[in-house]
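Q: Take a look at the following structure, please.
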Amino acid sequence: MEEISRSLAVRRPGWKALDYGCGTGEQSRMLADHGAEVVAFERSERMLELLRDKLPARLAARVTTVAGTRLPPYEAEFDVVMCNNVLDHVSDPDIAPVLAGLRRAVRGDGITVVTVPHPVKDGATWTRKNVRGRWEYEDLRLEQYFVEGPVTKHREGPEGDIVMDAIMTHHRTIETYFSAFRRAGFQVVDLYEPQPSDSSAAEHPEIWAKASRIPYFLVFVLRPEAPNTEGGDSTP
């Protein structure tokens, strides 16, 4: 995303970005720092309060926060739309309306970057053991990748201990996400499975021990589907 931001900043001064489901604003700050005028959309007022508290004064004028359960009906306003680890929290009936809103919001020559927890990791569990106060991760067990639906996950802290229980998310296959993007009028133009840097091993050894072995996130880069000027359905 850093490279995408830099290229847009050079190509289109004063570019605009939408950070959908911005949380506490890490992506919003990065986008604003690269020169974007940012709309940070989030359903949680508390998250937006934290975003504003963390926002450097030099970036405050570039970031507008918007709260709500549904995205306002923006029409081709943004050069970049970010949707970072949000769709796995969206129920099946709401996926199509959410993607339709993102498609409507992005310019015809803009990009949409969607990150989700990697479906392989999200559908599996680690076997682990505690050795002298440190977790050692042995094998990843994946049994029912194709069984989609709500799943309950636990979030682990840097030491591998459970710090948050019972997060409800939705497991979907890569094919399901791909098809949903196409139905919403997007082309998938790039796909990334980010790997952690070696430098992060010292800071978060337990997390690195897992994320260096299997992909933890899946990043889709989308562009609006070109209009079909010949009529008929543009989907093959």
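As shown in the structure tokens, the chain order sets the letters A, B, ...; within each chain, residues go from 1, and ligands are also counted from 1 in the order they appear.
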Extract, using only C-alpha atoms, all DNA, RNA and protein residues at most 7 Å from region 86-103 of chain A, discarding same-chain residues fewer than 5 positions from it, and format them as a list in words.

A: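 Counting only the stated atoms, we get Gly21, Leu71, Pro73, Val116, Thr169, His170, His171, Ala184, Gly185 and Pro224 of chain A.
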
Q: Could you write out the selected residues, including N, CA and C atoms, as an mmCIF file, in the first residue's frame?

A:
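Now in selection12.cif:
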```
data_model
loop_
_atom_site.group_PDB
_atom_site.id
_atom_site.type_symbol
_atom_site.label_atom_id
_atom_site.label_comp_id
_atom_site.auth_asym_id
_atom_site.auth_seq_id
_atom_site.Cartn_x
_atom_site.Cartn_y
_atom_site.Cartn_z
ATOM 1 N N GLY A 21 -14.167 1.313 7.382
ATOM 2 C CA GLY A 21 -13.923 0.516 8.578
ATOM 3 C C GLY A 21 -12.548 0.840 9.138
ATOM 4 N N LEU A 71 -22.378 3.207 4.550
ATOM 5 C CA LEU A 71 -21.576 4.210 3.870
ATOM 6 C C LEU A 71 -22.479 5.219 3.168
ATOM 7 N N PRO A 73 -23.805 7.633 0.229
ATOM 8 C CA PRO A 73 -23.819 7.296 -1.204
ATOM 9 C C PRO A 73 -22.837 8.137 -2.021
ATOM 10 N N VAL A 116 -8.160 -9.193 3.888
ATOM 11 C CA VAL A 116 -8.918 -10.079 4.771
ATOM 12 C C VAL A 116 -7.948 -11.055 5.433
ATOM 13 N N THR A 169 -16.490 -13.931 13.463
ATOM 14 C CA THR A 169 -16.189 -13.507 12.102
ATOM 15 C C THR A 169 -16.819 -14.510 11.130
ATOM 16 N N HIS A 170 -16.570 -14.314 9.835
ATOM 17 C CA HIS A 170 -17.177 -15.163 8.808
ATOM 18 C C HIS A 170 -16.070 -15.753 7.935
ATOM 19 N N HIS A 171 -15.998 -17.057 7.916
ATOM 20 C CA HIS A 171 -15.020 -17.748 7.072
ATOM 21 C C HIS A 171 -15.587 -17.898 5.668
ATOM 22 N N ALA A 184 -19.816 -7.444 -7.892
ATOM 23 C CA ALA A 184 -19.950 -6.034 -7.501
ATOM 24 C C ALA A 184 -19.435 -5.084 -8.578
ATOM 25 N N GLY A 185 -18.824 -5.626 -9.638
ATOM 26 C CA GLY A 185 -18.336 -4.783 -10.715
ATOM 27 C C GLY A 185 -16.865 -4.447 -10.642
ATOM 28 N N PRO A 224 -12.361 -0.918 -11.011
ATOM 29 C CA PRO A 224 -13.719 -1.026 -11.551
ATOM 30 C C PRO A 224 -13.718 -1.733 -12.899
#
```

Q: Pick out the residues sitting within 12 Å of Asn85 (chain A), and hand them over as a ChimeraX atom specification; count only C-alpha atoms, and ignore anything fewer than 4 positions along from it in its own chain.

A: /A:19-23,27,89-90,113-119,169-170,216-220

Q: Measuring atom to atom with only C-alpha atoms, identify which of A:Arg134, A:Arg107, A:Arg29, A:His34 is nearest to Pro13 (chain A).

A: A:His34

Q: Can you tell me how far CA of Glu143 (chain A) sits from CA of Thr173 (chain A), in Å to one decimal?

A: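 Going from CA of Glu143 (chain A) over to CA of Thr173 (chain A), I get 13.3 Å.
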
Q: As a PyMOL selection string, please: all residues of region 5-172 of chain A that backbone DSSP puts in helix (DSSP H, G or I).

A: chain A and resi 5-11+26-33+45-54+57-62+87-89+92-105+119-122

Q: How would the residues just chosen look if you wrote them out with N, CA and C atoms as a compact mmCIF listing (two decimals), in the first residue's frame?

A:
```txt
# COMPACT_ATOMS: atom_id res chain seq x y z
N SER A 5 0.35 4.33 -2.60
CA SER A 5 0.13 5.70 -2.14
C SER A 5 1.11 6.66 -2.78
N ARG A 6 2.38 6.26 -2.83
CA ARG A 6 3.40 7.14 -3.42
C ARG A 6 3.11 7.41 -4.89
N SER A 7 2.73 6.37 -5.63
CA SER A 7 2.49 6.55 -7.07
C SER A 7 1.30 7.45 -7.32
N LEU A 8 0.26 7.33 -6.50
CA LEU A 8 -0.91 8.18 -6.67
C LEU A 8 -0.59 9.62 -6.32
N ALA A 9 0.22 9.79 -5.26
CA ALA A 9 0.58 11.14 -4.84
C ALA A 9 1.34 11.87 -5.94
N VAL A 10 2.16 11.13 -6.68
CA VAL A 10 2.92 11.74 -7.77
C VAL A 10 2.01 12.00 -8.96
N ARG A 11 1.13 11.05 -9.26
CA ARG A 11 0.30 11.14 -10.47
C ARG A 11 -0.87 12.10 -10.30
N GLU A 26 -4.94 3.70 11.66
CA GLU A 26 -3.56 3.49 11.20
C GLU A 26 -3.43 3.74 9.70
N GLN A 27 -4.36 3.17 8.91
CA GLN A 27 -4.31 3.37 7.45
C GLN A 27 -4.65 4.81 7.09
N SER A 28 -5.57 5.42 7.80
CA SER A 28 -5.93 6.81 7.51
C SER A 28 -4.73 7.73 7.70
N ARG A 29 -3.96 7.51 8.77
CA ARG A 29 -2.78 8.34 9.00
C ARG A 29 -1.75 8.13 7.90
N MET A 30 -1.56 6.88 7.48
CA MET A 30 -0.60 6.60 6.42
C MET A 30 -1.01 7.28 5.12
N LEU A 31 -2.30 7.20 4.78
CA LEU A 31 -2.79 7.81 3.54
C LEU A 31 -2.64 9.33 3.59
N ALA A 32 -3.01 9.93 4.72
CA ALA A 32 -2.88 11.39 4.85
C ALA A 32 -1.43 11.81 4.81
N ASP A 33 -0.56 11.00 5.37
CA ASP A 33 0.87 11.31 5.38
C ASP A 33 1.45 11.31 3.97
N GLU A 45 -18.21 5.10 17.21
CA GLU A 45 -17.80 6.45 17.60
C GLU A 45 -16.56 6.40 18.49
N ARG A 46 -16.47 5.35 19.32
CA ARG A 46 -15.30 5.23 20.20
C ARG A 46 -14.02 5.07 19.39
N MET A 47 -14.07 4.28 18.33
CA MET A 47 -12.90 4.10 17.47
C MET A 47 -12.50 5.43 16.83
N LEU A 48 -13.48 6.20 16.41
CA LEU A 48 -13.19 7.49 15.78
C LEU A 48 -12.60 8.48 16.79
N GLU A 49 -13.03 8.39 18.04
CA GLU A 49 -12.43 9.22 19.08
C GLU A 49 -10.95 8.89 19.23
N LEU A 50 -10.64 7.60 19.24
CA LEU A 50 -9.24 7.18 19.36
C LEU A 50 -8.44 7.62 18.13
N LEU A 51 -9.07 7.53 16.95
CA LEU A 51 -8.40 8.00 15.74
C LEU A 51 -8.03 9.47 15.86
N ARG A 52 -8.98 10.28 16.28
CA ARG A 52 -8.71 11.71 16.39
C ARG A 52 -7.64 12.00 17.44
N ASP A 53 -7.65 11.24 18.53
CA ASP A 53 -6.64 11.43 19.57
C ASP A 53 -5.23 11.11 19.07
N LYS A 54 -5.13 10.12 18.17
CA LYS A 54 -3.82 9.68 17.67
C LYS A 54 -3.35 10.47 16.45
N ALA A 57 -1.25 16.70 14.65
CA ALA A 57 -1.86 17.98 14.29
C ALA A 57 -1.60 18.34 12.83
N ARG A 58 -0.43 17.95 12.31
CA ARG A 58 -0.11 18.30 10.93
C ARG A 58 -0.99 17.58 9.91
N LEU A 59 -1.68 16.50 10.34
CA LEU A 59 -2.54 15.74 9.43
C LEU A 59 -4.02 15.99 9.67
N ALA A 60 -4.35 16.71 10.73
CA ALA A 60 -5.75 16.84 11.15
C ALA A 60 -6.64 17.41 10.04
N ALA A 61 -6.13 18.35 9.28
CA ALA A 61 -6.96 18.98 8.25
C ALA A 61 -7.20 18.06 7.07
N ARG A 62 -6.44 16.98 6.95
CA ARG A 62 -6.58 16.08 5.81
C ARG A 62 -7.50 14.89 6.08
N LEU A 87 -14.24 -7.13 5.89
CA LEU A 87 -15.24 -7.98 5.25
C LEU A 87 -15.48 -9.28 6.01
N ASP A 88 -14.49 -9.77 6.75
CA ASP A 88 -14.72 -10.99 7.53
C ASP A 88 -15.66 -10.75 8.70
N HIS A 89 -15.94 -9.49 9.01
CA HIS A 89 -16.91 -9.16 10.06
C HIS A 89 -18.28 -8.83 9.48
N ASP A 92 -23.11 -12.57 5.43
CA ASP A 92 -23.33 -12.88 4.02
C ASP A 92 -24.36 -11.97 3.36
N PRO A 93 -25.52 -11.70 3.98
CA PRO A 93 -26.50 -10.84 3.30
C PRO A 93 -26.01 -9.41 3.07
N ASP A 94 -25.01 -8.97 3.87
CA ASP A 94 -24.55 -7.58 3.77
C ASP A 94 -23.33 -7.41 2.87
N ILE A 95 -22.72 -8.52 2.45
CA ILE A 95 -21.51 -8.41 1.63
C ILE A 95 -21.79 -7.65 0.32
N ALA A 96 -22.84 -8.02 -0.39
CA ALA A 96 -23.13 -7.39 -1.67
C ALA A 96 -23.39 -5.89 -1.52
N PRO A 97 -24.23 -5.44 -0.56
CA PRO A 97 -24.43 -3.99 -0.41
C PRO A 97 -23.15 -3.24 -0.02
N VAL A 98 -22.32 -3.85 0.81
CA VAL A 98 -21.07 -3.19 1.20
C VAL A 98 -20.18 -3.00 -0.02
N LEU A 99 -19.98 -4.06 -0.80
CA LEU A 99 -19.13 -3.97 -1.98
C LEU A 99 -19.72 -3.03 -3.02
N ALA A 100 -21.03 -3.01 -3.13
CA ALA A 100 -21.67 -2.08 -4.08
C ALA A 100 -21.37 -0.63 -3.69
N GLY A 101 -21.38 -0.36 -2.39
CA GLY A 101 -21.07 0.99 -1.92
C GLY A 101 -19.62 1.37 -2.20
N LEU A 102 -18.70 0.42 -2.03
CA LEU A 102 -17.30 0.69 -2.32
C LEU A 102 -17.09 0.91 -3.82
N ARG A 103 -17.77 0.08 -4.62
CA ARG A 103 -17.65 0.22 -6.08
C ARG A 103 -18.18 1.58 -6.53
N ARG A 104 -19.27 2.00 -5.95
CA ARG A 104 -19.87 3.29 -6.31
C ARG A 104 -18.95 4.45 -5.90
N ALA A 105 -18.22 4.27 -4.79
CA ALA A 105 -17.42 5.36 -4.24
C ALA A 105 -16.12 5.60 -5.00
N PRO A 119 -7.97 -16.95 4.20
CA PRO A 119 -8.95 -18.01 4.45
C PRO A 119 -8.33 -19.35 4.86
N VAL A 120 -7.12 -19.63 4.42
CA VAL A 120 -6.47 -20.88 4.86
C VAL A 120 -6.17 -20.81 6.35
N LYS A 121 -5.56 -19.71 6.78
CA LYS A 121 -5.27 -19.55 8.21
C LYS A 121 -6.54 -19.48 9.03
N ASP A 122 -7.54 -18.76 8.49
CA ASP A 122 -8.76 -18.51 9.24
C ASP A 122 -9.59 -19.78 9.43
```

Q: Using only C-alpha atoms, which residue out of A:Ile174, A:Ala226, A:Leu142, A:Ala36 lies closest to Thr64 (chain A)?

A: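 Among the listed residues, the smallest separation from Thr64 (chain A) belongs to A:Ala36.
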
Q: What's around Lys16 (chain A) at 6 Å? Count only C-alpha atoms, leave out sequence neighbours fewer than 2 positions away in its own chain, and write the answer as number ranges by chain.

A: A: 36-38, 78-79

Q: Could you please take those selected residues and save N, CA and C atoms as a PDB file, in the first residue's frame?

A:
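Output (selection-v6.pdb):
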```pdb
ATOM      1  N   ALA A  36      -2.934  12.414   0.818  1.00  0.00           N
ATOM      2  CA  ALA A  36      -4.338  12.218   0.468  1.00  0.00           C
ATOM      3  C   ALA A  36      -5.262  13.049   1.353  1.00  0.00           C
ATOM      4  N   GLU A  37      -6.403  13.408   0.773  1.00  0.00           N
ATOM      5  CA  GLU A  37      -7.527  13.915   1.557  1.00  0.00           C
ATOM      6  C   GLU A  37      -8.364  12.684   1.908  1.00  0.00           C
ATOM      7  N   VAL A  38      -8.475  12.370   3.195  1.00  0.00           N
ATOM      8  CA  VAL A  38      -9.001  11.088   3.637  1.00  0.00           C
ATOM      9  C   VAL A  38     -10.365  11.234   4.294  1.00  0.00           C
ATOM     10  N   PHE A  78     -13.422   8.869  -4.984  1.00  0.00           N
ATOM     11  CA  PHE A  78     -12.144   8.529  -4.375  1.00  0.00           C
ATOM     12  C   PHE A  78     -11.198   7.849  -5.366  1.00  0.00           C
ATOM     13  N   ASP A  79      -9.926   8.246  -5.283  1.00  0.00           N
ATOM     14  CA  ASP A  79      -8.886   7.604  -6.083  1.00  0.00           C
ATOM     15  C   ASP A  79      -8.494   6.255  -5.498  1.00  0.00           C
TER      16      ASP A  79
END
```

Q: As number ranges by chain, please: every residue in region 118-189 of chain A that DSSP puts in strand (DSSP E).

A: A: 124-131, 134-142, 149-156, 162-171, 186-189

Q: Expressed in Å to a single decimal, how great is the separation between CA of Glu193 (chain A) and CA of Arg43 (chain A)?

A: 27.6 Å

Q: Write out as a list of chain:residue names each polymer residue whose atoms come within 12 Å of Glu138 (chain A), counting only C-alpha atoms; drop sequence neighbours fewer than 6 positions from it.

A: A:Thr125, A:Trp126, A:Thr127, A:Arg128, A:Lys129, A:Asn130, A:Val131, A:Glu206, A:Ala209, A:Lys210, A:Arg213

Q: Filtering to N, CA and C atoms, could you give me those residues as a PDB file, in the first residue's frame?

A:
```pdb
ATOM      1  N   THR A 125      -6.493 -24.359  12.812  1.00  0.00           N
ATOM      2  CA  THR A 125      -6.056 -24.132  14.195  1.00  0.00           C
ATOM      3  C   THR A 125      -4.640 -24.667  14.369  1.00  0.00           C
ATOM      4  N   TRP A 126      -3.884 -24.000  15.223  1.00  0.00           N
ATOM      5  CA  TRP A 126      -2.524 -24.434  15.520  1.00  0.00           C
ATOM      6  C   TRP A 126      -2.513 -25.423  16.677  1.00  0.00           C
ATOM      7  N   THR A 127      -1.647 -26.389  16.597  1.00  0.00           N
ATOM      8  CA  THR A 127      -1.304 -27.178  17.783  1.00  0.00           C
ATOM      9  C   THR A 127      -0.049 -26.542  18.367  1.00  0.00           C
ATOM     10  N   ARG A 128      -0.010 -26.383  19.681  1.00  0.00           N
ATOM     11  CA  ARG A 128       1.103 -25.680  20.318  1.00  0.00           C
ATOM     12  C   ARG A 128       1.371 -26.259  21.698  1.00  0.00           C
ATOM     13  N   LYS A 129       2.545 -25.962  22.221  1.00  0.00           N
ATOM     14  CA  LYS A 129       2.892 -26.375  23.569  1.00  0.00           C
ATOM     15  C   LYS A 129       3.724 -25.279  24.218  1.00  0.00           C
ATOM     16  N   ASN A 130       3.636 -25.207  25.538  1.00  0.00           N
ATOM     17  CA  ASN A 130       4.363 -24.192  26.280  1.00  0.00           C
ATOM     18  C   ASN A 130       5.689 -24.782  26.749  1.00  0.00           C
ATOM     19  N   VAL A 131       6.768 -24.165  26.290  1.00  0.00           N
ATOM     20  CA  VAL A 131       8.108 -24.623  26.655  1.00  0.00           C
ATOM     21  C   VAL A 131       8.829 -23.501  27.399  1.00  0.00           C
ATOM     22  N   GLU A 206       6.614 -14.998  18.828  1.00  0.00           N
ATOM     23  CA  GLU A 206       5.559 -16.003  18.715  1.00  0.00           C
ATOM     24  C   GLU A 206       4.704 -15.767  17.472  1.00  0.00           C
ATOM     25  N   ALA A 209       6.719 -16.632  14.418  1.00  0.00           N
ATOM     26  CA  ALA A 209       6.867 -18.082  14.247  1.00  0.00           C
ATOM     27  C   ALA A 209       5.712 -18.675  13.458  1.00  0.00           C
ATOM     28  N   LYS A 210       4.533 -18.068  13.556  1.00  0.00           N
ATOM     29  CA  LYS A 210       3.372 -18.552  12.799  1.00  0.00           C
ATOM     30  C   LYS A 210       3.286 -17.891  11.426  1.00  0.00           C
ATOM     31  N   ARG A 213       5.418 -18.878   8.449  1.00  0.00           N
ATOM     32  CA  ARG A 213       5.224 -20.222   7.891  1.00  0.00           C
ATOM     33  C   ARG A 213       4.028 -20.308   6.952  1.00  0.00           C
TER      34      ARG A 213
END
```

Q: Tell me which of A:Leu18, A:Cys83, A:Ile167, A:Ala76 sits closest to Lys153 (chain A), counting only C-alpha atoms.

A: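 The shortest atom-to-atom distance to Lys153 (chain A) comes from A:Ile167.
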
Q: Interatomic distance between CA of Phe186 (chain A) and CA of Gly108 (chain A)?

A: 10.4 Å

Q: Pick the closest to Gln187 (chain A) from A:Pro205, A:Pro72, A:Pro227, A:Gly25: which is it, counting only C-alpha atoms?

A: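 That would be A:Pro227, the residue with the smallest distance to Gln187 (chain A).
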